[in-house]
$ cat coords_25.tsv   # TSV, C-alpha atoms
chain	number	residue	atom	x	y	z
L	1323	MET	CA	-102.63	-64.87	70.62
L	1324	ALA	CA	-100.52	-61.88	69.64
L	1325	LYS	CA	-99.43	-59.66	72.48
L	1326	LYS	CA	-101.09	-56.28	72.64
L	1327	GLN	CA	-98.94	-53.21	72.01
L	1328	THR	CA	-99.64	-49.51	72.38
L	1329	ILE	CA	-101.42	-47.92	69.43
L	1330	GLN	CA	-98.62	-45.36	69.21
L	1331	HIS	CA	-96.02	-48.11	68.88
L	1332	LEU	CA	-98.08	-49.91	66.23
L	1333	ILE	CA	-98.51	-46.70	64.26
L	1334	HIS	CA	-94.82	-45.90	64.43
L	1335	SER	CA	-93.89	-49.41	63.27
L	1336	GLU	CA	-96.43	-49.44	60.44
L	1337	LEU	CA	-95.34	-46.09	59.01
L	1338	ALA	CA	-91.67	-46.98	59.40
L	1339	SER	CA	-92.26	-50.18	57.41
L	1340	LYS	CA	-93.45	-48.10	54.45
L	1341	ILE	CA	-90.38	-45.86	54.18
L	1342	SER	CA	-88.73	-45.82	50.74
L	1343	PHE	CA	-86.32	-42.93	51.14
L	1344	GLY	CA	-83.94	-42.60	48.21
L	1345	LYS	CA	-86.08	-44.65	45.84
L	1346	SER	CA	-87.81	-43.27	42.77
L	1347	LYS	CA	-91.53	-42.76	43.31
L	1348	HIS	CA	-91.93	-42.19	39.59
L	1349	GLU	CA	-90.37	-45.55	38.74
L	1350	ASP	CA	-92.33	-47.38	41.42
L	1351	LYS	CA	-95.64	-46.03	40.10
L	1352	LYS	CA	-95.06	-46.96	36.45
L	1353	ASN	CA	-96.93	-50.24	36.80
L	1354	LEU	CA	-99.83	-48.74	38.75
L	1355	ALA	CA	-103.09	-47.59	37.20
L	1356	PHE	CA	-103.97	-43.90	37.44
L	1357	GLY	CA	-105.08	-43.03	40.95
L	1358	GLU	CA	-103.60	-46.18	42.52
L	1359	SER	CA	-101.05	-46.01	45.31
L	1360	ASN	CA	-98.39	-48.44	46.48
L	1361	TYR	CA	-98.59	-46.82	49.93
L	1362	ARG	CA	-94.91	-46.07	50.27
L	1363	ILE	CA	-93.34	-42.96	51.86
L	1364	TYR	CA	-90.60	-41.35	49.77
L	1365	SER	CA	-89.62	-38.26	51.77
L	1366	TYR	CA	-88.68	-37.67	55.39
L	1367	SER	CA	-90.92	-34.59	55.61
L	1368	THR	CA	-93.93	-36.69	54.58
L	1369	TYR	CA	-93.03	-39.32	57.14
L	1370	GLU	CA	-92.75	-36.69	59.88
L	1371	THR	CA	-96.10	-35.16	58.92
L	1372	TYR	CA	-97.91	-38.49	58.84
L	1373	LEU	CA	-96.37	-39.59	62.14
L	1374	LYS	CA	-97.45	-36.32	63.80
L	1375	GLU	CA	-101.01	-36.62	62.51
L	1376	MET	CA	-101.34	-40.28	63.43
L	1377	THR	CA	-99.98	-39.58	66.90
L	1378	ALA	CA	-102.94	-37.22	67.32
L	1379	TYR	CA	-105.20	-39.99	65.99
L	1380	ALA	CA	-103.78	-42.41	68.60
L	1381	ARG	CA	-104.49	-39.87	71.31
L	1382	TRP	CA	-108.10	-39.52	70.07
L	1383	LEU	CA	-108.54	-43.31	70.08
L	1384	LYS	CA	-107.41	-43.42	73.70
L	1385	GLU	CA	-109.45	-40.45	74.89
L	1386	GLU	CA	-112.65	-41.00	72.90
L	1387	LYS	CA	-112.73	-44.79	72.37
L	1388	GLY	CA	-110.74	-46.00	75.34
L	1389	ILE	CA	-108.33	-47.83	73.03
L	1390	SER	CA	-104.71	-47.52	74.02
L	1391	LYS	CA	-103.46	-50.99	73.03
L	1392	ALA	CA	-104.20	-53.55	70.35
L	1393	ALA	CA	-102.76	-56.77	68.99
L	1394	ASP	CA	-103.56	-55.76	65.41
L	1395	LEU	CA	-103.70	-52.18	64.10
L	1396	SER	CA	-106.32	-53.15	61.50
L	1397	LYS	CA	-108.84	-53.52	64.32
L	1398	THR	CA	-108.89	-49.72	64.64
L	1399	GLU	CA	-109.59	-49.04	60.96
L	1400	GLN	CA	-113.32	-48.89	61.69
L	1401	TYR	CA	-112.76	-45.58	63.49
L	1402	ALA	CA	-110.91	-43.77	60.68
L	1403	LYS	CA	-114.01	-42.19	59.10
L	1404	GLU	CA	-115.40	-41.24	62.48
L	1405	TYR	CA	-112.13	-39.49	63.29
L	1406	LEU	CA	-112.26	-37.52	60.05
L	1407	GLN	CA	-115.85	-36.54	60.77
L	1408	TYR	CA	-114.79	-35.43	64.25
L	1409	ARG	CA	-112.01	-33.31	62.74
L	1410	MET	CA	-114.37	-31.83	60.17
L	1411	ASP	CA	-116.94	-30.98	62.87
L	1412	LYS	CA	-114.19	-29.11	64.72
L	1413	GLY	CA	-113.90	-26.78	61.72
L	1414	ASN	CA	-110.60	-27.94	60.28
L	1415	SER	CA	-109.81	-26.75	56.76
L	1416	VAL	CA	-110.34	-29.00	53.75
L	1417	TYR	CA	-106.58	-28.88	53.17
L	1418	THR	CA	-105.93	-30.26	56.68
L	1419	LEU	CA	-108.65	-32.89	56.35
L	1420	LYS	CA	-107.26	-34.05	53.03
L	1421	MET	CA	-103.81	-34.44	54.55
L	1422	GLU	CA	-105.24	-36.36	57.53
L	1423	ARG	CA	-107.19	-38.64	55.19
L	1424	SER	CA	-103.98	-39.32	53.25
L	1425	ALA	CA	-102.17	-40.15	56.50
L	1426	LEU	CA	-104.91	-42.59	57.52
L	1427	SER	CA	-104.90	-44.18	54.07
L	1428	MET	CA	-101.14	-44.64	54.32
L	1429	LEU	CA	-101.48	-46.12	57.80
L	1430	TYR	CA	-104.08	-48.71	56.79
L	1431	GLY	CA	-102.73	-49.32	53.28
L	1432	LYS	CA	-106.03	-48.54	51.57
L	1433	GLN	CA	-107.96	-45.49	50.48
L	1434	ILE	CA	-110.19	-44.16	53.25
L	1435	ASP	CA	-113.43	-43.38	51.43
L	1436	PHE	CA	-114.53	-40.18	53.15
L	1437	SER	CA	-115.99	-37.34	51.09
L	1438	LEU	CA	-114.68	-33.86	51.80
L	1439	PRO	CA	-116.33	-30.53	50.95
L	1440	MET	CA	-115.03	-28.65	47.93
L	1441	ARG	CA	-112.22	-26.21	48.68
L	1442	ASP	CA	-113.16	-22.57	48.27
L	1443	LYS	CA	-110.28	-20.75	46.59
L	1444	THR	CA	-111.45	-17.44	48.12
L	1445	SER	CA	-110.54	-18.81	51.56
L	1446	ILE	CA	-106.91	-19.34	50.58
L	1447	THR	CA	-105.01	-16.42	52.09
L	1448	ARG	CA	-101.45	-17.69	52.35
L	1449	SER	CA	-99.02	-15.12	50.91
L	1450	ARG	CA	-101.78	-13.15	49.16
L	1451	ASN	CA	-101.46	-10.06	51.28
L	1452	GLU	CA	-98.55	-8.18	52.75
L	1453	THR	CA	-97.62	-9.53	56.15
L	1454	THR	CA	-95.73	-8.00	59.04
L	1455	ASN	CA	-92.80	-10.24	58.13
L	1456	ASP	CA	-92.54	-8.69	54.67
L	1457	LYS	CA	-91.69	-5.31	56.17
L	1458	HIS	CA	-88.54	-6.52	57.94
L	1459	TYR	CA	-86.45	-6.89	54.79
L	1460	SER	CA	-85.97	-4.69	51.77
L	1461	ARG	CA	-85.77	-6.25	48.33
L	1462	GLU	CA	-82.74	-4.06	47.71
L	1463	GLY	CA	-81.10	-4.74	51.06
L	1464	LYS	CA	-78.79	-7.37	52.49
L	1465	TYR	CA	-80.92	-10.26	51.21
L	1466	ARG	CA	-81.54	-8.89	47.75
L	1467	ASP	CA	-80.20	-12.08	46.14
L	1468	VAL	CA	-82.78	-14.16	48.01
L	1469	PHE	CA	-85.60	-12.02	46.65
L	1470	ILE	CA	-84.15	-12.18	43.14
L	1471	MET	CA	-83.89	-15.98	43.20
L	1472	GLY	CA	-87.40	-16.27	44.62
L	1473	VAL	CA	-89.11	-14.25	41.90
L	1474	ALA	CA	-86.79	-15.54	39.15
L	1475	THR	CA	-87.06	-19.28	39.81
L	1476	GLY	CA	-90.10	-19.97	42.03
L	1477	GLY	CA	-88.11	-22.12	44.44
L	1478	ARG	CA	-89.61	-23.27	47.71
L	1479	ARG	CA	-87.79	-22.28	50.88
L	1480	LYS	CA	-86.16	-25.70	51.16
L	1481	ASP	CA	-85.19	-25.52	47.47
L	1482	LEU	CA	-83.36	-22.25	47.99
L	1483	VAL	CA	-81.77	-23.34	51.27
L	1484	ASN	CA	-80.31	-26.43	49.56
L	1485	LEU	CA	-79.57	-24.79	46.19
L	1486	LYS	CA	-76.04	-25.53	45.01
L	1487	THR	CA	-73.83	-23.38	42.82
L	1488	ASN	CA	-73.73	-26.07	40.12
L	1489	ALA	CA	-77.52	-26.04	39.61
L	1490	LEU	CA	-77.60	-23.59	36.71
L	1491	ARG	CA	-78.49	-25.12	33.34
L	1492	GLU	CA	-78.53	-23.54	29.87
L	1493	ILE	CA	-80.53	-25.52	27.33
L	1494	ASP	CA	-81.17	-24.29	23.77
L	1495	GLY	CA	-80.44	-20.74	24.84
L	1496	GLN	CA	-82.82	-20.80	27.81
L	1497	LEU	CA	-81.67	-20.68	31.43
L	1498	TYR	CA	-83.04	-23.10	34.04
L	1499	ILE	CA	-82.45	-24.05	37.65
L	1500	SER	CA	-82.17	-27.75	38.47
L	1501	PHE	CA	-83.79	-28.21	41.87
L	1502	GLU	CA	-82.66	-31.54	43.31
L	1503	ARG	CA	-84.78	-33.57	45.73
L	1504	SER	CA	-87.48	-30.96	46.11
L	1505	LYS	CA	-90.84	-31.63	47.78
L	1506	GLY	CA	-91.66	-35.32	47.74
L	1507	GLY	CA	-88.07	-36.13	46.81
L	1508	ARG	CA	-88.66	-35.08	43.21
L	1509	ASN	CA	-86.19	-33.28	40.97
L	1510	ARG	CA	-87.44	-30.54	38.68
L	1511	LEU	CA	-86.24	-28.07	36.09
L	1512	SER	CA	-87.57	-24.52	36.55
L	1513	PRO	CA	-87.17	-21.80	33.91
L	1514	VAL	CA	-85.39	-18.65	35.03
L	1515	ARG	CA	-87.61	-15.74	34.06
L	1516	GLU	CA	-85.91	-13.83	31.25
L	1517	GLU	CA	-86.18	-10.55	33.15
L	1518	TYR	CA	-83.72	-11.88	35.75
L	1519	VAL	CA	-81.35	-14.01	33.66
L	1520	ASN	CA	-78.34	-11.68	34.02
L	1521	GLU	CA	-78.84	-11.17	37.75
L	1522	VAL	CA	-79.19	-14.90	38.37
L	1523	ARG	CA	-75.99	-15.57	36.43
L	1524	GLU	CA	-74.19	-12.97	38.54
L	1525	ILE	CA	-75.43	-14.51	41.79
L	1526	PHE	CA	-74.15	-17.94	40.81
L	1527	LEU	CA	-70.85	-16.63	39.43
L	1528	LYS	CA	-70.17	-14.65	42.60
L	1529	ARG	CA	-70.72	-17.68	44.85
L	1530	GLN	CA	-68.67	-19.95	42.58
L	1531	THR	CA	-65.83	-17.43	42.62
L	1532	GLU	CA	-65.99	-17.42	46.42
L	1533	GLY	CA	-65.63	-21.20	46.36
L	1534	LYS	CA	-69.07	-21.75	47.94
L	1535	GLU	CA	-70.99	-24.99	47.51
L	1536	LYS	CA	-74.37	-23.43	48.22
L	1537	VAL	CA	-75.91	-20.28	46.78
L	1538	PHE	CA	-77.10	-18.98	50.17
L	1539	ASP	CA	-75.55	-19.07	53.62
L	1540	LYS	CA	-78.80	-18.01	55.26
L	1541	ILE	CA	-82.42	-17.31	54.36
L	1542	PRO	CA	-84.29	-15.51	57.15
L	1543	GLN	CA	-87.54	-17.15	58.21
L	1544	LYS	CA	-89.35	-13.83	58.05
L	1545	ILE	CA	-88.93	-13.53	54.29
L	1546	ASP	CA	-92.15	-14.79	52.75
L	1547	ILE	CA	-90.69	-17.18	50.17
L	1548	HIS	CA	-94.11	-18.51	49.18
L	1549	ALA	CA	-95.21	-15.00	48.17
L	1550	LEU	CA	-92.15	-14.75	45.89
L	1551	ARG	CA	-93.02	-18.17	44.46
L	1552	ARG	CA	-96.55	-16.98	43.71
L	1553	GLU	CA	-95.17	-13.83	42.06
L	1554	TYR	CA	-92.95	-16.05	39.90
L	1555	ALA	CA	-95.89	-18.21	38.80
L	1556	LYS	CA	-98.07	-15.25	37.84
L	1557	ASN	CA	-95.33	-13.55	35.86
L	1558	LEU	CA	-94.14	-16.74	34.17
L	1559	TYR	CA	-97.72	-17.26	33.05
L	1560	LYS	CA	-97.76	-13.73	31.57
L	1561	ASP	CA	-94.43	-14.45	29.85
L	1562	ILE	CA	-95.73	-17.49	27.98
L	1563	LEU	CA	-99.00	-15.78	27.10
L	1564	THR	CA	-97.17	-12.92	25.43
L	1565	ASN	CA	-94.52	-15.19	23.90
L	1566	PRO	CA	-95.99	-18.57	22.84
L	1567	ALA	CA	-92.60	-19.60	21.40
L	1568	LEU	CA	-91.21	-19.46	24.94
L	1569	ARG	CA	-93.91	-21.86	26.09
L	1570	GLU	CA	-92.91	-24.30	23.35
L	1571	GLU	CA	-89.26	-24.14	24.45
L	1572	TYR	CA	-90.24	-24.89	28.03
L	1573	LEU	CA	-92.53	-27.74	27.01
L	1574	LYS	CA	-89.57	-29.49	25.35
L	1575	GLN	CA	-87.99	-29.93	28.78
L	1576	TYR	CA	-90.96	-31.72	30.34
L	1577	PRO	CA	-92.63	-35.11	29.74
L	1578	VAL	CA	-95.47	-35.03	27.23
L	1579	ARG	CA	-98.60	-33.86	29.02
L	1580	SER	CA	-100.95	-36.73	29.82
L	1581	GLU	CA	-103.95	-36.18	32.06
L	1582	TYR	CA	-106.59	-38.55	33.32
L	1583	LYS	CA	-109.92	-38.19	35.03
L	1584	THR	CA	-111.55	-40.72	37.34
L	1585	GLN	CA	-115.36	-40.75	37.50
L	1586	LYS	CA	-118.36	-43.03	37.99
L	1587	ASP	CA	-120.75	-44.27	35.34
L	1588	LYS	CA	-124.52	-44.53	35.79
L	1589	ASP	CA	-124.09	-47.88	37.54
L	1590	GLY	CA	-121.65	-46.42	40.06
L	1591	ILE	CA	-118.63	-48.16	38.54
L	1592	VAL	CA	-115.45	-46.11	38.77
L	1593	TYR	CA	-113.42	-45.77	35.57
L	1594	THR	CA	-110.54	-43.64	34.29
L	1595	LYS	CA	-110.43	-41.79	30.98
L	1596	ILE	CA	-107.85	-39.66	29.20
L	1597	ILE	CA	-108.50	-35.92	29.07
L	1598	ARG	CA	-108.20	-34.95	25.41
L	1599	THR	CA	-109.31	-31.32	25.44
L	1600	ASN	CA	-106.64	-28.61	25.29
L	1601	THR	CA	-108.61	-26.14	27.36
L	1602	TYR	CA	-109.38	-25.94	31.05
L	1603	LYS	CA	-112.43	-24.16	32.50
L	1604	ASP	CA	-112.36	-23.27	36.19
L	1605	ARG	CA	-115.35	-22.82	38.47
L	1606	ASP	CA	-115.59	-19.17	37.54
L	1607	SER	CA	-115.83	-20.13	33.85
L	1608	ASN	CA	-112.39	-18.73	33.06
L	1609	ILE	CA	-110.75	-20.55	30.15
L	1610	TYR	CA	-107.07	-21.57	30.18
L	1611	ASP	CA	-104.81	-23.40	27.76
L	1612	ARG	CA	-103.81	-26.68	29.41
L	1613	ASN	CA	-100.28	-26.47	28.03
L	1614	ASP	CA	-99.82	-23.05	29.65
L	1615	LEU	CA	-100.96	-24.45	32.99
L	1616	TYR	CA	-98.79	-27.53	32.49
L	1617	VAL	CA	-95.67	-25.39	32.10
L	1618	ILE	CA	-96.47	-23.48	35.31
L	1619	SER	CA	-97.22	-26.71	37.20
L	1620	GLN	CA	-94.00	-28.38	36.08
L	1621	ALA	CA	-91.95	-25.27	36.90
L	1622	LEU	CA	-93.45	-25.20	40.40
L	1623	GLY	CA	-93.17	-28.95	40.98
L	1624	HIS	CA	-96.88	-29.78	41.02
L	1625	ASN	CA	-98.56	-32.66	39.18
L	1626	ARG	CA	-102.09	-31.28	38.96
L	1627	ILE	CA	-102.56	-28.27	36.69
L	1628	ASP	CA	-105.50	-26.91	38.70
L	1629	THR	CA	-103.12	-26.33	41.63
L	1630	SER	CA	-101.48	-23.61	39.55
L	1631	ILE	CA	-104.77	-21.76	39.28
L	1632	THR	CA	-106.11	-22.22	42.78
L	1633	HIS	CA	-102.91	-21.49	44.69
L	1634	TYR	CA	-100.88	-19.22	42.44
L	1635	LEU	CA	-102.61	-17.56	39.50
L	1636	LYS	CA	-105.62	-16.15	41.38
$ encode --input "coords_25.tsv" --output "structure tokens"
Amino acid sequence: MAKKQTIQHLIHSELASKISFGKSKHEDKKNLAFGESNYRIYSYSTYETYLKEMTAYARWLKEEKGISKAADLSKTEQYAKEYLQYRMDKGNSVYTLKMERSALSMLYGKQIDFSLPMRDKTSITRSRNETTNDKHYSREGKYRDVFIMGVATGGRRKDLVNLKTNALREIDGQLYISFERSKGGRNRLSPVREEYVNEVREIFLKRQTEGKEKVFDKIPQKIDIHALRREYAKNLYKDILTNPALREEYLKQYPVRSEYKTQKDKDGIVYTKIIRTNTYKDRDSNIYDRNDLYVISQALGHNRIDTSITHYLK
């Protein structure tokens, strides 16, 4: 009989066994059907997040179920849905619940089938209003270059912190930033908004002349980078609406758009189909061109085009 170990130790070992840092998630998923997962962890930040959430799960198992040790982690899988229900009853956001469900699915190596309520976009408040932090720094002050790069490229905080002075790309007359190992370990190419092309060039040239490897020495925590990213998304969307030729140039830099939808038939059998329509209708009946949303999603480093609407364009 296998010796019992603490749940925390088992969780740590199981998640550690699924680490694939430095490997290509895109390549690994080529042979998987849409919606399938190989249950591997490709970024350290994801590993840290999952370990933190599953540590809380281990604590709940001990406090609520009296389970502190087990010989086999799979014996605790029966409590996963109950834990999610407990978290939902506590009033946790759908975003948090979705992340916890993903962590549990990774832990047990299978999708935890637990339905979550629909997310209400009106409840998303992050970076949609001026915060106290915004008032500490002027856009024309000491950190002007940070603000410029934020609204010109849509980089995440980590993107800008790690941005190197060799990341500028000019392709067919258009300027881009090559963000390396962004969220999820993915690389992406983000258009520099035409309004800021000259200023971005100057920022890079200045740092290169100074012999610097990185574009920024410091980015204060109190600068709301996500708000600048949202501003970038909204204005880039306006740019391609007013100049469709610009959209076509950007589309050349990204893989051909291919979208799929998973649903159930009348017999309850799950199947996947290709989305062939070129339009997207949101819950408020607003109509978007899918290629427009695809450009914004690719520029921001998101796979799902509806993320652009829910989190950035509204």
$ residues_around --input "coords_25.tsv" --residues "region 1323-1336 of chain L" --least-positions-apart "5" --cutoff "8 Å" --atoms "all atoms listed in the file" --output "list in words"
Leu1373, Met1376, Thr1377, Ala1380, Ile1389, Ser1390, Lys1391, Ala1392, Ala1393, Asp1394, Leu1395 and Leu1429 of chain L
$ residues_around --input "coords_25.tsv" --residues "region 1505-1514 of chain L" --least-positions-apart "3" --cutoff "9 Å" --atoms "all atoms listed in the file" --output "PyMOL selection string"
chain L and resi 1343-1348+1363-1368+1471+1473-1478+1480-1481+1491+1496-1502+1517-1519+1522+1558+1572+1575-1576+1620-1623
$ residues_around --input "coords_25.tsv" --residues "Lys1536 (chain L)" --least-positions-apart "3" --cutoff "7 Å" --atoms "all atoms listed in the file" --output "list in words"
Asn1484, Leu1485, Lys1486 and Thr1487 of chain L
$ closest_residue --input "coords_25.tsv" --among "L:Tyr1593, L:Tyr1417, L:Phe1538, L:Trp1382" --to "Asp1467 (chain L)" --atoms "all atoms listed in the file"
L:Phe1538
$ atom_distance --input "coords_25.tsv" --atom1 "CA of Gly1413 (chain L)" --atom2 "CA of Arg1551 (chain L)"
28.4 Å
$ residues_around --input "coords_25.tsv" --residues "Glu1571 (chain L)" --least-positions-apart "2" --cutoff "12 Å" --atoms "only C-alpha atoms" --output "ChimeraX atom specification"
/L:1493-1498,1513,1562,1565-1569,1573-1576,1613-1614,1617
$ closest_residue --input "coords_25.tsv" --among "L:Ile1591, L:Ile1545, L:Ala1555, L:Ile1597" --to "Lys1636 (chain L)" --atoms "only C-alpha atoms"
L:Ala1555
